[in-house]
Every structure is written in C-alpha cells, then in structure tokens.
$ cat query-v2.cif   # mmCIF, C-alpha atoms
data_work
#
loop_
_atom_site.group_PDB
_atom_site.id
_atom_site.type_symbol
_atom_site.label_atom_id
_atom_site.label_comp_id
_atom_site.auth_asym_id
_atom_site.auth_seq_id
_atom_site.Cartn_x
_atom_site.Cartn_y
_atom_site.Cartn_z
ATOM 1 C CA SER A 71 -45.834 139.289 136.428
ATOM 2 C CA SER A 72 -45.034 139.695 140.113
ATOM 3 C CA ARG A 73 -48.421 138.214 141.004
ATOM 4 C CA ALA A 74 -47.791 135.085 138.927
ATOM 5 C CA THR A 75 -44.301 134.719 140.377
ATOM 6 C CA TYR A 76 -45.721 134.966 143.894
ATOM 7 C CA ARG A 77 -48.329 132.277 143.173
ATOM 8 C CA TYR A 78 -45.653 130.058 141.639
ATOM 9 C CA VAL A 79 -43.359 130.207 144.675
ATOM 10 C CA LYS A 80 -46.238 130.014 147.164
ATOM 11 C CA ALA A 81 -47.328 126.734 145.562
ATOM 12 C CA PHE A 82 -44.017 125.163 146.597
ATOM 13 C CA VAL A 83 -44.636 126.201 150.194
ATOM 14 C CA ASP A 84 -48.277 125.113 150.192
ATOM 15 C CA ASP A 85 -47.344 121.689 148.822
ATOM 16 C CA ASN A 86 -44.626 121.264 151.478
ATOM 17 C CA LEU A 87 -41.944 120.684 148.853
ATOM 18 C CA ALA A 88 -38.384 120.641 150.208
ATOM 19 C CA MET A 89 -37.169 123.584 148.149
ATOM 20 C CA HIS A 90 -33.709 125.102 148.498
ATOM 21 C CA ASP A 91 -34.079 128.178 146.329
ATOM 22 C CA VAL A 92 -35.861 129.608 143.288
ATOM 23 C CA LEU A 93 -34.248 131.859 140.709
ATOM 24 C CA ILE A 94 -36.063 133.151 137.637
ATOM 25 C CA LEU A 95 -34.285 134.764 134.695
ATOM 26 C CA ARG A 96 -35.961 136.690 131.886
ATOM 27 C CA HIS A 97 -33.992 137.866 128.860
ATOM 28 C CA GLY A 98 -30.824 136.917 130.719
ATOM 29 C CA LYS A 99 -31.620 139.089 133.738
ATOM 30 C CA LEU A 100 -32.352 137.814 137.232
ATOM 31 C CA ILE A 101 -35.889 138.984 138.045
ATOM 32 C CA TYR A 102 -36.668 136.825 141.070
ATOM 33 C CA GLU A 103 -34.486 135.252 143.732
ATOM 34 C CA GLY A 104 -35.739 133.474 146.835
ATOM 35 C CA TYR A 105 -34.161 131.118 149.366
ATOM 36 C CA PHE A 106 -35.592 128.641 151.831
ATOM 37 C CA ARG A 107 -33.815 128.490 155.192
ATOM 38 C CA PRO A 108 -31.124 127.492 155.924
ATOM 39 C CA GLN A 109 -30.053 128.006 152.288
ATOM 40 C CA ASP A 110 -28.834 131.386 151.087
ATOM 41 C CA GLU A 111 -27.179 132.898 148.015
ATOM 42 C CA ASN A 112 -23.749 131.679 149.117
ATOM 43 C CA PHE A 113 -24.640 128.025 149.625
ATOM 44 C CA GLN A 114 -22.934 125.754 147.100
ATOM 45 C CA HIS A 115 -25.363 123.073 146.023
ATOM 46 C CA ARG A 116 -24.194 119.758 144.703
ATOM 47 C CA LEU A 117 -25.690 119.659 141.213
ATOM 48 C CA TYR A 118 -25.553 115.874 140.849
ATOM 49 C CA SER A 119 -26.252 114.846 137.242
ATOM 50 C CA CYS A 120 -26.569 118.445 136.063
ATOM 51 C CA SER A 121 -22.776 118.259 136.400
ATOM 52 C CA LYS A 122 -22.761 116.256 133.175
ATOM 53 C CA SER A 123 -23.656 119.382 131.192
ATOM 54 C CA PHE A 124 -20.446 121.078 132.338
ATOM 55 C CA VAL A 125 -18.427 118.093 131.114
ATOM 56 C CA SER A 126 -20.198 118.116 127.764
ATOM 57 C CA VAL A 127 -19.478 121.813 127.224
ATOM 58 C CA ALA A 128 -15.803 121.266 128.101
ATOM 59 C CA ILE A 129 -15.642 118.495 125.494
ATOM 60 C CA GLY A 130 -17.136 120.888 122.943
ATOM 61 C CA CYS A 131 -14.443 123.457 123.708
ATOM 62 C CA LEU A 132 -11.690 120.888 123.185
ATOM 63 C CA GLU A 133 -13.259 119.791 119.906
ATOM 64 C CA GLN A 134 -13.259 123.395 118.687
ATOM 65 C CA GLN A 135 -9.572 123.656 119.600
ATOM 66 C CA GLY A 136 -8.842 120.558 117.527
ATOM 67 C CA LEU A 137 -7.685 118.551 120.532
ATOM 68 C CA LEU A 138 -10.185 115.753 119.981
ATOM 69 C CA SER A 139 -12.918 114.518 117.659
ATOM 70 C CA LEU A 140 -16.316 113.347 118.816
ATOM 71 C CA ASP A 141 -15.781 110.258 116.688
ATOM 72 C CA ASP A 142 -12.533 109.290 118.423
ATOM 73 C CA PRO A 143 -12.734 105.795 119.922
ATOM 74 C CA ILE A 144 -12.442 105.903 123.693
ATOM 75 C CA VAL A 145 -9.696 103.260 123.761
ATOM 76 C CA ARG A 146 -7.374 105.650 121.906
ATOM 77 C CA TYR A 147 -6.934 107.584 125.125
ATOM 78 C CA PHE A 148 -6.278 104.581 127.318
ATOM 79 C CA PRO A 149 -3.473 102.569 125.664
ATOM 80 C CA GLU A 150 -2.367 101.322 129.070
ATOM 81 C CA LYS A 151 -5.753 99.590 129.442
ATOM 82 C CA MET A 152 -5.304 97.759 126.146
ATOM 83 C CA ALA A 153 -1.915 96.220 126.869
ATOM 84 C CA GLY A 154 -2.090 92.497 127.522
ATOM 85 C CA ARG A 155 -5.868 92.481 127.588
ATOM 86 C CA THR A 156 -8.589 91.237 125.284
ATOM 87 C CA VAL A 157 -11.039 94.092 124.889
ATOM 88 C CA ASP A 158 -14.563 93.486 123.596
ATOM 89 C CA GLU A 159 -15.100 94.833 120.090
ATOM 90 C CA TYR A 160 -18.159 96.800 121.257
ATOM 91 C CA LEU A 161 -15.969 98.668 123.695
ATOM 92 C CA ARG A 162 -13.321 99.226 121.009
ATOM 93 C CA GLU A 163 -15.994 100.830 118.806
ATOM 94 C CA THR A 164 -17.293 103.157 121.524
ATOM 95 C CA THR A 165 -16.666 106.845 120.755
ATOM 96 C CA ILE A 166 -16.728 110.124 122.629
ATOM 97 C CA ARG A 167 -19.984 110.894 120.831
ATOM 98 C CA ASP A 168 -21.507 107.662 122.157
ATOM 99 C CA LEU A 169 -20.711 108.643 125.732
ATOM 100 C CA LEU A 170 -22.080 112.158 125.260
ATOM 101 C CA ARG A 171 -25.346 110.708 123.938
ATOM 102 C CA MET A 172 -25.692 108.078 126.696
ATOM 103 C CA ALA A 173 -25.293 105.417 124.021
ATOM 104 C CA SER A 174 -22.473 103.339 125.471
ATOM 105 C CA PRO A 175 -22.483 99.532 125.176
ATOM 106 C CA TYR A 176 -23.576 99.247 128.816
ATOM 107 C CA THR A 177 -27.121 98.819 130.088
ATOM 108 C CA ARG A 178 -26.794 100.217 133.593
ATOM 109 C CA GLY A 179 -25.955 103.609 134.975
ATOM 110 C CA GLY A 180 -22.578 102.849 136.479
ATOM 111 C CA SER A 181 -19.959 100.135 136.535
ATOM 112 C CA TYR A 182 -18.374 101.143 139.851
ATOM 113 C CA ASP A 183 -19.612 98.131 141.846
ATOM 114 C CA GLY A 184 -16.614 96.135 142.981
ATOM 115 C CA TYR A 185 -14.248 98.895 141.820
ATOM 116 C CA MET A 186 -14.843 101.544 144.438
ATOM 117 C CA ASP A 187 -11.209 102.644 144.319
ATOM 118 C CA ALA A 188 -10.718 102.329 140.556
ATOM 119 C CA TRP A 189 -13.598 103.853 138.586
ATOM 120 C CA GLU A 190 -11.548 104.221 135.422
ATOM 121 C CA GLU A 191 -10.717 100.513 135.501
ATOM 122 C CA SER A 192 -14.378 99.589 135.874
ATOM 123 C CA PHE A 193 -15.258 100.997 132.454
ATOM 124 C CA PHE A 194 -12.878 98.610 130.734
ATOM 125 C CA THR A 195 -13.819 95.490 132.681
ATOM 126 C CA ASP A 196 -17.603 95.668 133.080
ATOM 127 C CA GLU A 197 -19.781 93.459 130.878
ATOM 128 C CA VAL A 198 -20.980 95.073 127.648
ATOM 129 C CA SER A 199 -24.266 94.095 126.043
ATOM 130 C CA HIS A 200 -24.822 95.771 122.667
ATOM 131 C CA VAL A 201 -23.355 97.821 119.827
ATOM 132 C CA PRO A 202 -22.534 101.356 121.021
ATOM 133 C CA GLY A 203 -24.590 104.161 119.529
ATOM 134 C CA THR A 204 -27.659 101.976 118.962
ATOM 135 C CA ALA A 205 -29.569 102.379 122.234
ATOM 136 C CA TYR A 206 -30.064 105.004 124.917
ATOM 137 C CA SER A 207 -29.052 103.873 128.398
ATOM 138 C CA TYR A 208 -28.268 106.442 131.084
ATOM 139 C CA CYS A 209 -24.648 105.895 132.078
ATOM 140 C CA THR A 210 -22.836 108.018 134.622
ATOM 141 C CA THR A 211 -19.702 105.957 134.080
ATOM 142 C CA GLY A 212 -19.511 107.246 130.508
ATOM 143 C CA THR A 213 -19.391 110.864 131.664
ATOM 144 C CA THR A 214 -16.776 109.928 134.241
ATOM 145 C CA ILE A 215 -14.572 108.528 131.474
ATOM 146 C CA LEU A 216 -14.947 111.809 129.559
ATOM 147 C CA CYS A 217 -13.519 113.588 132.615
ATOM 148 C CA TYR A 218 -10.476 111.306 132.486
ATOM 149 C CA ILE A 219 -10.040 111.988 128.769
ATOM 150 C CA ILE A 220 -10.110 115.745 129.390
ATOM 151 C CA ARG A 221 -7.410 115.340 132.025
ATOM 152 C CA LYS A 222 -5.307 113.146 129.719
ATOM 153 C CA ILE A 223 -5.491 115.656 126.848
ATOM 154 C CA THR A 224 -5.023 118.901 128.744
ATOM 155 C CA GLY A 225 -3.491 117.983 132.091
ATOM 156 C CA ARG A 226 -6.388 119.936 133.614
ATOM 157 C CA ASP A 227 -9.881 119.156 134.866
ATOM 158 C CA PHE A 228 -13.044 120.167 133.011
ATOM 159 C CA LEU A 229 -13.864 123.135 135.268
ATOM 160 C CA ASP A 230 -10.424 124.563 134.459
ATOM 161 C CA VAL A 231 -11.161 124.173 130.739
ATOM 162 C CA LEU A 232 -14.332 126.220 131.272
ATOM 163 C CA ARG A 233 -12.666 128.943 133.346
ATOM 164 C CA PRO A 234 -12.281 131.469 130.466
ATOM 165 C CA ALA A 235 -16.032 131.287 129.813
ATOM 166 C CA PHE A 236 -16.752 131.364 133.544
ATOM 167 C CA ASP A 237 -14.709 134.537 133.949
ATOM 168 C CA ALA A 238 -16.594 136.198 131.100
ATOM 169 C CA ILE A 239 -20.015 135.486 132.618
ATOM 170 C CA GLY A 240 -19.022 136.057 136.228
ATOM 171 C CA VAL A 241 -18.969 132.537 137.669
ATOM 172 C CA GLY A 242 -17.046 132.626 140.939
ATOM 173 C CA GLU A 243 -13.663 131.045 141.530
ATOM 174 C CA ASP A 244 -15.122 128.944 144.336
ATOM 175 C CA ILE A 245 -17.113 126.606 142.088
ATOM 176 C CA PHE A 246 -15.660 123.125 142.611
ATOM 177 C CA CYS A 247 -16.209 119.443 141.962
ATOM 178 C CA VAL A 248 -16.066 116.315 144.094
ATOM 179 C CA GLU A 249 -13.202 114.081 142.966
ATOM 180 C CA SER A 250 -13.111 110.437 141.930
ATOM 181 C CA PRO A 251 -10.966 107.945 143.866
ATOM 182 C CA GLU A 252 -8.189 108.611 141.323
ATOM 183 C CA GLY A 253 -8.250 112.348 142.052
ATOM 184 C CA VAL A 254 -10.039 113.505 138.870
ATOM 185 C CA GLN A 255 -13.043 115.832 139.009
ATOM 186 C CA TRP A 256 -16.164 113.649 139.027
ATOM 187 C CA GLY A 257 -18.263 115.349 136.392
ATOM 188 C CA GLY A 258 -20.865 112.608 136.463
ATOM 189 C CA SER A 259 -22.288 113.972 139.698
ATOM 190 C CA GLY A 260 -19.943 116.209 141.663
ATOM 191 C CA VAL A 261 -20.112 119.875 140.619
ATOM 192 C CA CYS A 262 -20.933 122.216 143.518
ATOM 193 C CA ALA A 263 -22.039 125.771 142.732
ATOM 194 C CA THR A 264 -24.162 128.597 144.047
ATOM 195 C CA PRO A 265 -27.585 129.013 142.427
ATOM 196 C CA ARG A 266 -26.468 132.288 140.846
ATOM 197 C CA ASP A 267 -23.450 130.671 139.210
ATOM 198 C CA PHE A 268 -25.562 127.738 138.009
ATOM 199 C CA ALA A 269 -28.083 130.183 136.523
ATOM 200 C CA LYS A 270 -25.308 132.040 134.681
ATOM 201 C CA PHE A 271 -24.049 128.794 133.167
ATOM 202 C CA ALA A 272 -27.560 127.694 132.219
ATOM 203 C CA ASN A 273 -28.257 131.046 130.580
ATOM 204 C CA LEU A 274 -25.050 130.757 128.542
ATOM 205 C CA CYS A 275 -26.095 127.301 127.335
ATOM 206 C CA MET A 276 -29.594 128.522 126.452
ATOM 207 C CA HIS A 277 -27.989 131.095 124.156
ATOM 208 C CA TYR A 278 -25.735 128.476 122.533
ATOM 209 C CA GLY A 279 -22.629 129.913 124.157
ATOM 210 C CA ASN A 280 -23.265 133.556 123.244
ATOM 211 C CA HIS A 281 -22.975 136.158 125.996
ATOM 212 C CA GLU A 282 -23.761 139.784 125.245
ATOM 213 C CA GLY A 283 -22.645 139.392 121.642
ATOM 214 C CA ARG A 284 -19.516 137.359 122.429
ATOM 215 C CA GLN A 285 -19.390 133.716 121.351
ATOM 216 C CA LEU A 286 -17.756 132.103 124.379
ATOM 217 C CA LEU A 287 -18.587 128.509 123.446
ATOM 218 C CA PRO A 288 -18.673 126.768 120.047
ATOM 219 C CA GLU A 289 -22.137 127.524 118.663
ATOM 220 C CA LYS A 290 -22.246 124.529 116.319
ATOM 221 C CA TYR A 291 -21.473 122.141 119.149
ATOM 222 C CA MET A 292 -23.952 123.784 121.517
ATOM 223 C CA ARG A 293 -26.776 123.585 118.985
ATOM 224 C CA GLU A 294 -26.022 119.944 118.248
ATOM 225 C CA ALA A 295 -25.705 119.087 121.930
ATOM 226 C CA THR A 296 -29.137 120.565 122.701
ATOM 227 C CA SER A 297 -30.917 119.065 119.712
ATOM 228 C CA ARG A 298 -33.022 115.927 119.522
ATOM 229 C CA GLN A 299 -30.817 112.990 118.520
#

$ encode --input "query-v2.cif" --output "structure tokens"
Amino acid sequence: SSRATYRYVKAFVDDNLAMHDVLILRHGKLIYEGYFRPQDENFQHRLYSCSKSFVSVAIGCLEQQGLLSLDDPIVRYFPEKMAGRTVDEYLRETTIRDLLRMASPYTRGGSYDGYMDAWEESFFTDEVSHVPGTAYSYCTTGTTILCYIIRKITGRDFLDVLRPAFDAIGVGEDIFCVESPEGVQWGGSGVCATPRDFAKFANLCMHYGNHEGRQLLPEKYMREATSRQ
C-alpha cells in the first residue's frame, strides 16, 4: 500500500541512513521511485560486488551457446600461464563452476596484493590452501578471472555478451564497467548503472531470464545459479 511504502521510506530518513535511492517493483512494474539528493534517476551507481551477478549471467549465456562448460578447468584458458611453470594441482583442478560458487582454492577475497598492475597473473601465483569446490570463501579474484575467460572466448567483455538481453529489457547503452589494469571489464566490482537499469536486470534474474514470455537467458542455468548449493 502507499501508506506502507511511505512508512518504509520515511524510516530510512528517520534513522539517518545514507540512502541514494529506493525503487520498488511489483509484478515487474515500477510502483515507487524516490531519490535522495544529489542522486537522481540518471546517476550511474557503482554496483560493487553486485557486478558479479552480471558476470555469472554472461557465463550462463556462453554455456548455452556451447562455448564453454562449467566443469572446464580454468587453466585450459590460460596456456601461456602454464608454460615453464609448476602449477599447484589444486589450481589445476579449479573449474569455472568453482569460481562461480566462490569455492576456489584460495582463502582470501583477492590475490591482487603485490600485483597491482597484473591481476590475471596474481591468480596463478598466489598461495592456494585447499581442494577447490570443498569450501566457501568469498573471492573477488575468481570473478575477475571469469571476466578474462569471457574475453578470451568471445573477444568481447561480459556486458557486450549481455547486450541482446539488455536491449530486450530496455537497459541503456550507457551502462559501463571499470576496467582492470589489463584493460578488461572488472566484473568483480566495477559495473556502473542507473537504478532503473539495475532494477530491470534484477527483475529479469528473478524471473529466471524470462521477460514478457520471452526466454532471454538460459532458464536451467538461472535456476541453478539462484539455488542453494
């Protein structure tokens, strides 16, 4: 109800929370939209780790196209990193699925320390600690590596892979992503989008990739990606 929505938003103000904006969708329709100065509907927010969801969906699209398998070992896509180097067996066993599930062989969120200009390199040189796929450990580096794999397979970045779906749901052309030092979209933390565009993407995910009767994303992948694992 309008009264409940008003109380909900007023609570943010009364609690002095540093809100940017509030959008509420019901049955896929925008029913409330409010902004806190100086934000407005055109401001592109950095979505930080919500960016990882965009990368995941792009991986699902490539799987549906037969361009990769979730069980592919990561090292398959980086033969240049294997040459002349002894690579830990745990890293050799790590798969795309492991990185999607935050189940890499690393115990910390990023391996960039000491490699500020070579994030890709850091993944293959950091110290591993356990068998991949056996423990949950939040790892932004893993998502970053998925971005590099997408570029290696398609020659494009993950937002470009998602553009057909974006066009269908009305996501603007101005959505963008901060880049890594190597010039690849940094999907671990860098997507910048307006609240409306973010809401459209979220709504598409909540319906397992279906938009007004059109299946824009692979339903099987979307259901698996949003399930308890």

$ residues_around --input "query-v2.cif" --residues "Glu111 of chain A" --least-positions-apart "5" --cutoff "9 Å" --atoms "all atoms listed in the file" --output "JSON list (two decimals) with C-alpha atoms, in the frame of the given file"
[["chain", "number", "residue", "atom", "x", "y", "z"],
["A", 91, "ASP", "CA", -34.08, 128.18, 146.33],
["A", 103, "GLU", "CA", -34.49, 135.25, 143.73],
["A", 104, "GLY", "CA", -35.74, 133.47, 146.84],
["A", 105, "TYR", "CA", -34.16, 131.12, 149.37],
["A", 264, "THR", "CA", -24.16, 128.60, 144.05],
["A", 265, "PRO", "CA", -27.58, 129.01, 142.43],
["A", 266, "ARG", "CA", -26.47, 132.29, 140.85]]

$ closest_residue --input "query-v2.cif" --among "A:Cys131, A:Met276, A:Ile223, A:Ile144" --to "Arg293 of chain A" --atoms "only C-alpha atoms"
A:Met276

$ closest_residue --input "query-v2.cif" --among "A:Val125, A:Leu117, A:Val79, A:Ile219" --to "Arg146 of chain A" --atoms "all atoms listed in the file"
A:Ile219

$ resolve_selection --input "query-v2.cif" --expression "the PyMOL selection byres ((chain A and resi 256) around 12)" --output "PyMOL selection string"
chain A and resi 116-122+124-125+189-190+210-218+220-221+227-229+246-255+257-262

$ resolve_selection --input "query-v2.cif" --expression "the PyMOL selection byres ((chain A and resi 167) around 12)" --output "PDB file with C-alpha atoms, in the coordinates of the input"
ATOM      1  CA  SER A 126     -20.198 118.116 127.764  1.00  0.00           C
ATOM      2  CA  ILE A 129     -15.642 118.495 125.494  1.00  0.00           C
ATOM      3  CA  GLY A 130     -17.136 120.888 122.943  1.00  0.00           C
ATOM      4  CA  GLU A 133     -13.259 119.791 119.906  1.00  0.00           C
ATOM      5  CA  LEU A 138     -10.185 115.753 119.981  1.00  0.00           C
ATOM      6  CA  SER A 139     -12.918 114.518 117.659  1.00  0.00           C
ATOM      7  CA  LEU A 140     -16.316 113.347 118.816  1.00  0.00           C
ATOM      8  CA  ASP A 141     -15.781 110.258 116.688  1.00  0.00           C
ATOM      9  CA  ASP A 142     -12.533 109.290 118.423  1.00  0.00           C
ATOM     10  CA  PRO A 143     -12.734 105.795 119.922  1.00  0.00           C
ATOM     11  CA  ILE A 144     -12.442 105.903 123.693  1.00  0.00           C
ATOM     12  CA  GLU A 163     -15.994 100.830 118.806  1.00  0.00           C
ATOM     13  CA  THR A 164     -17.293 103.157 121.524  1.00  0.00           C
ATOM     14  CA  THR A 165     -16.666 106.845 120.755  1.00  0.00           C
ATOM     15  CA  ILE A 166     -16.728 110.124 122.629  1.00  0.00           C
ATOM     16  CA  ASP A 168     -21.507 107.662 122.157  1.00  0.00           C
ATOM     17  CA  LEU A 169     -20.711 108.643 125.732  1.00  0.00           C
ATOM     18  CA  LEU A 170     -22.080 112.158 125.260  1.00  0.00           C
ATOM     19  CA  ARG A 171     -25.346 110.708 123.938  1.00  0.00           C
ATOM     20  CA  MET A 172     -25.692 108.078 126.696  1.00  0.00           C
ATOM     21  CA  ALA A 173     -25.293 105.417 124.021  1.00  0.00           C
ATOM     22  CA  SER A 174     -22.473 103.339 125.471  1.00  0.00           C
ATOM     23  CA  PRO A 202     -22.534 101.356 121.021  1.00  0.00           C
ATOM     24  CA  GLY A 203     -24.590 104.161 119.529  1.00  0.00           C
ATOM     25  CA  THR A 204     -27.659 101.976 118.962  1.00  0.00           C
ATOM     26  CA  GLY A 212     -19.511 107.246 130.508  1.00  0.00           C
ATOM     27  CA  THR A 213     -19.391 110.864 131.664  1.00  0.00           C
ATOM     28  CA  LEU A 216     -14.947 111.809 129.559  1.00  0.00           C
ATOM     29  CA  TYR A 291     -21.473 122.141 119.149  1.00  0.00           C
ATOM     30  CA  GLU A 294     -26.022 119.944 118.248  1.00  0.00           C
ATOM     31  CA  ALA A 295     -25.705 119.087 121.930  1.00  0.00           C
ATOM     32  CA  GLN A 299     -30.817 112.990 118.520  1.00  0.00           C
TER      33      GLN A 299
END

$ decode --input "query-v2.cif" --residues "segment 94-120 of chain A" --atoms "N, CA, C and O atoms" --output "CSV table (one decimal), in the first residue's frame"
chain,number,residue,atom,x,y,z
A,94,ILE,N,10.9,0.3,-6.0
A,94,ILE,CA,10.1,-0.9,-5.6
A,94,ILE,C,9.4,-1.3,-6.8
A,94,ILE,O,8.7,-0.6,-7.5
A,95,LEU,N,9.6,-2.6,-7.2
A,95,LEU,CA,8.8,-3.2,-8.3
A,95,LEU,C,7.8,-4.2,-7.7
A,95,LEU,O,8.1,-4.9,-6.7
A,96,ARG,N,6.7,-4.3,-8.4
A,96,ARG,CA,5.7,-5.3,-8.0
A,96,ARG,C,5.2,-5.9,-9.3
A,96,ARG,O,4.7,-5.1,-10.2
A,97,HIS,N,5.2,-7.2,-9.5
A,97,HIS,CA,4.8,-7.9,-10.7
A,97,HIS,C,5.5,-7.3,-11.9
A,97,HIS,O,5.0,-7.1,-13.0
A,98,GLY,N,6.8,-6.9,-11.7
A,98,GLY,CA,7.6,-6.4,-12.8
A,98,GLY,C,7.4,-5.0,-13.2
A,98,GLY,O,8.1,-4.5,-14.1
A,99,LYS,N,6.5,-4.3,-12.4
A,99,LYS,CA,6.2,-2.9,-12.7
A,99,LYS,C,6.8,-2.0,-11.6
A,99,LYS,O,6.7,-2.3,-10.4
A,100,LEU,N,7.4,-0.9,-12.0
A,100,LEU,CA,7.9,0.1,-11.1
A,100,LEU,C,6.7,0.8,-10.4
A,100,LEU,O,6.0,1.6,-11.0
A,101,ILE,N,6.6,0.6,-9.1
A,101,ILE,CA,5.4,1.3,-8.4
A,101,ILE,C,5.9,2.4,-7.4
A,101,ILE,O,5.1,3.2,-7.0
A,102,TYR,N,7.2,2.4,-7.1
A,102,TYR,CA,7.7,3.5,-6.3
A,102,TYR,C,9.1,3.8,-6.7
A,102,TYR,O,9.9,2.9,-7.0
A,103,GLU,N,9.4,5.1,-6.8
A,103,GLU,CA,10.8,5.6,-7.2
A,103,GLU,C,11.1,6.9,-6.4
A,103,GLU,O,10.3,7.8,-6.5
A,104,GLY,N,12.1,6.8,-5.6
A,104,GLY,CA,12.5,8.0,-4.9
A,104,GLY,C,14.0,8.2,-4.8
A,104,GLY,O,14.7,7.2,-4.7
A,105,TYR,N,14.5,9.4,-4.8
A,105,TYR,CA,15.9,9.7,-4.8
A,105,TYR,C,16.3,10.7,-3.7
A,105,TYR,O,15.5,11.6,-3.4
A,106,PHE,N,17.5,10.5,-3.2
A,106,PHE,CA,17.9,11.4,-2.1
A,106,PHE,C,19.0,12.3,-2.7
A,106,PHE,O,20.0,11.7,-3.3
A,107,ARG,N,18.9,13.5,-2.6
A,107,ARG,CA,19.8,14.5,-3.2
A,107,ARG,C,21.2,14.2,-2.7
A,107,ARG,O,21.4,13.9,-1.6
A,108,PRO,N,22.2,14.3,-3.6
A,108,PRO,CA,22.1,14.8,-5.0
A,108,PRO,C,21.9,13.8,-6.1
A,108,PRO,O,22.0,14.0,-7.2
A,109,GLN,N,21.5,12.6,-5.7
A,109,GLN,CA,21.3,11.5,-6.6
A,109,GLN,C,20.0,11.8,-7.4
A,109,GLN,O,19.1,12.5,-6.9
A,110,ASP,N,19.9,11.3,-8.6
A,110,ASP,CA,18.7,11.3,-9.4
A,110,ASP,C,18.6,10.1,-10.3
A,110,ASP,O,19.5,9.2,-10.2
A,111,GLU,N,17.6,10.0,-11.2
A,111,GLU,CA,17.4,8.8,-12.0
A,111,GLU,C,18.5,8.6,-13.0
A,111,GLU,O,18.6,7.5,-13.6
A,112,ASN,N,19.3,9.6,-13.3
A,112,ASN,CA,20.3,9.4,-14.3
A,112,ASN,C,21.7,9.1,-13.7
A,112,ASN,O,22.7,8.9,-14.4
A,113,PHE,N,21.8,9.1,-12.4
A,113,PHE,CA,23.1,8.9,-11.7
A,113,PHE,C,23.5,7.4,-11.9
A,113,PHE,O,22.7,6.5,-11.5
A,114,GLN,N,24.7,7.1,-12.3
A,114,GLN,CA,25.1,5.7,-12.5
A,114,GLN,C,25.9,5.3,-11.3
A,114,GLN,O,27.0,5.8,-11.0
A,115,HIS,N,25.3,4.4,-10.5
A,115,HIS,CA,25.9,4.0,-9.3
A,115,HIS,C,26.9,2.8,-9.6
A,115,HIS,O,26.7,2.0,-10.4
A,116,ARG,N,28.0,2.8,-8.9
A,116,ARG,CA,28.9,1.7,-8.9
A,116,ARG,C,28.3,0.6,-8.1
A,116,ARG,O,28.0,0.8,-6.9
A,117,LEU,N,28.1,-0.6,-8.7
A,117,LEU,CA,27.3,-1.6,-8.0
A,117,LEU,C,28.2,-2.6,-7.2
A,117,LEU,O,27.7,-3.5,-6.6
A,118,TYR,N,29.5,-2.3,-7.2
A,118,TYR,CA,30.5,-3.1,-6.4
A,118,TYR,C,30.2,-4.6,-6.7
A,118,TYR,O,30.1,-5.1,-7.8
A,119,SER,N,30.1,-5.4,-5.6
A,119,SER,CA,30.0,-6.8,-5.8
A,119,SER,C,28.7,-7.4,-6.4
A,119,SER,O,28.6,-8.5,-6.8
A,120,CYS,N,27.7,-6.5,-6.5
A,120,CYS,CA,26.5,-6.9,-7.3
A,120,CYS,C,26.9,-7.1,-8.8
A,120,CYS,O,26.2,-7.7,-9.6
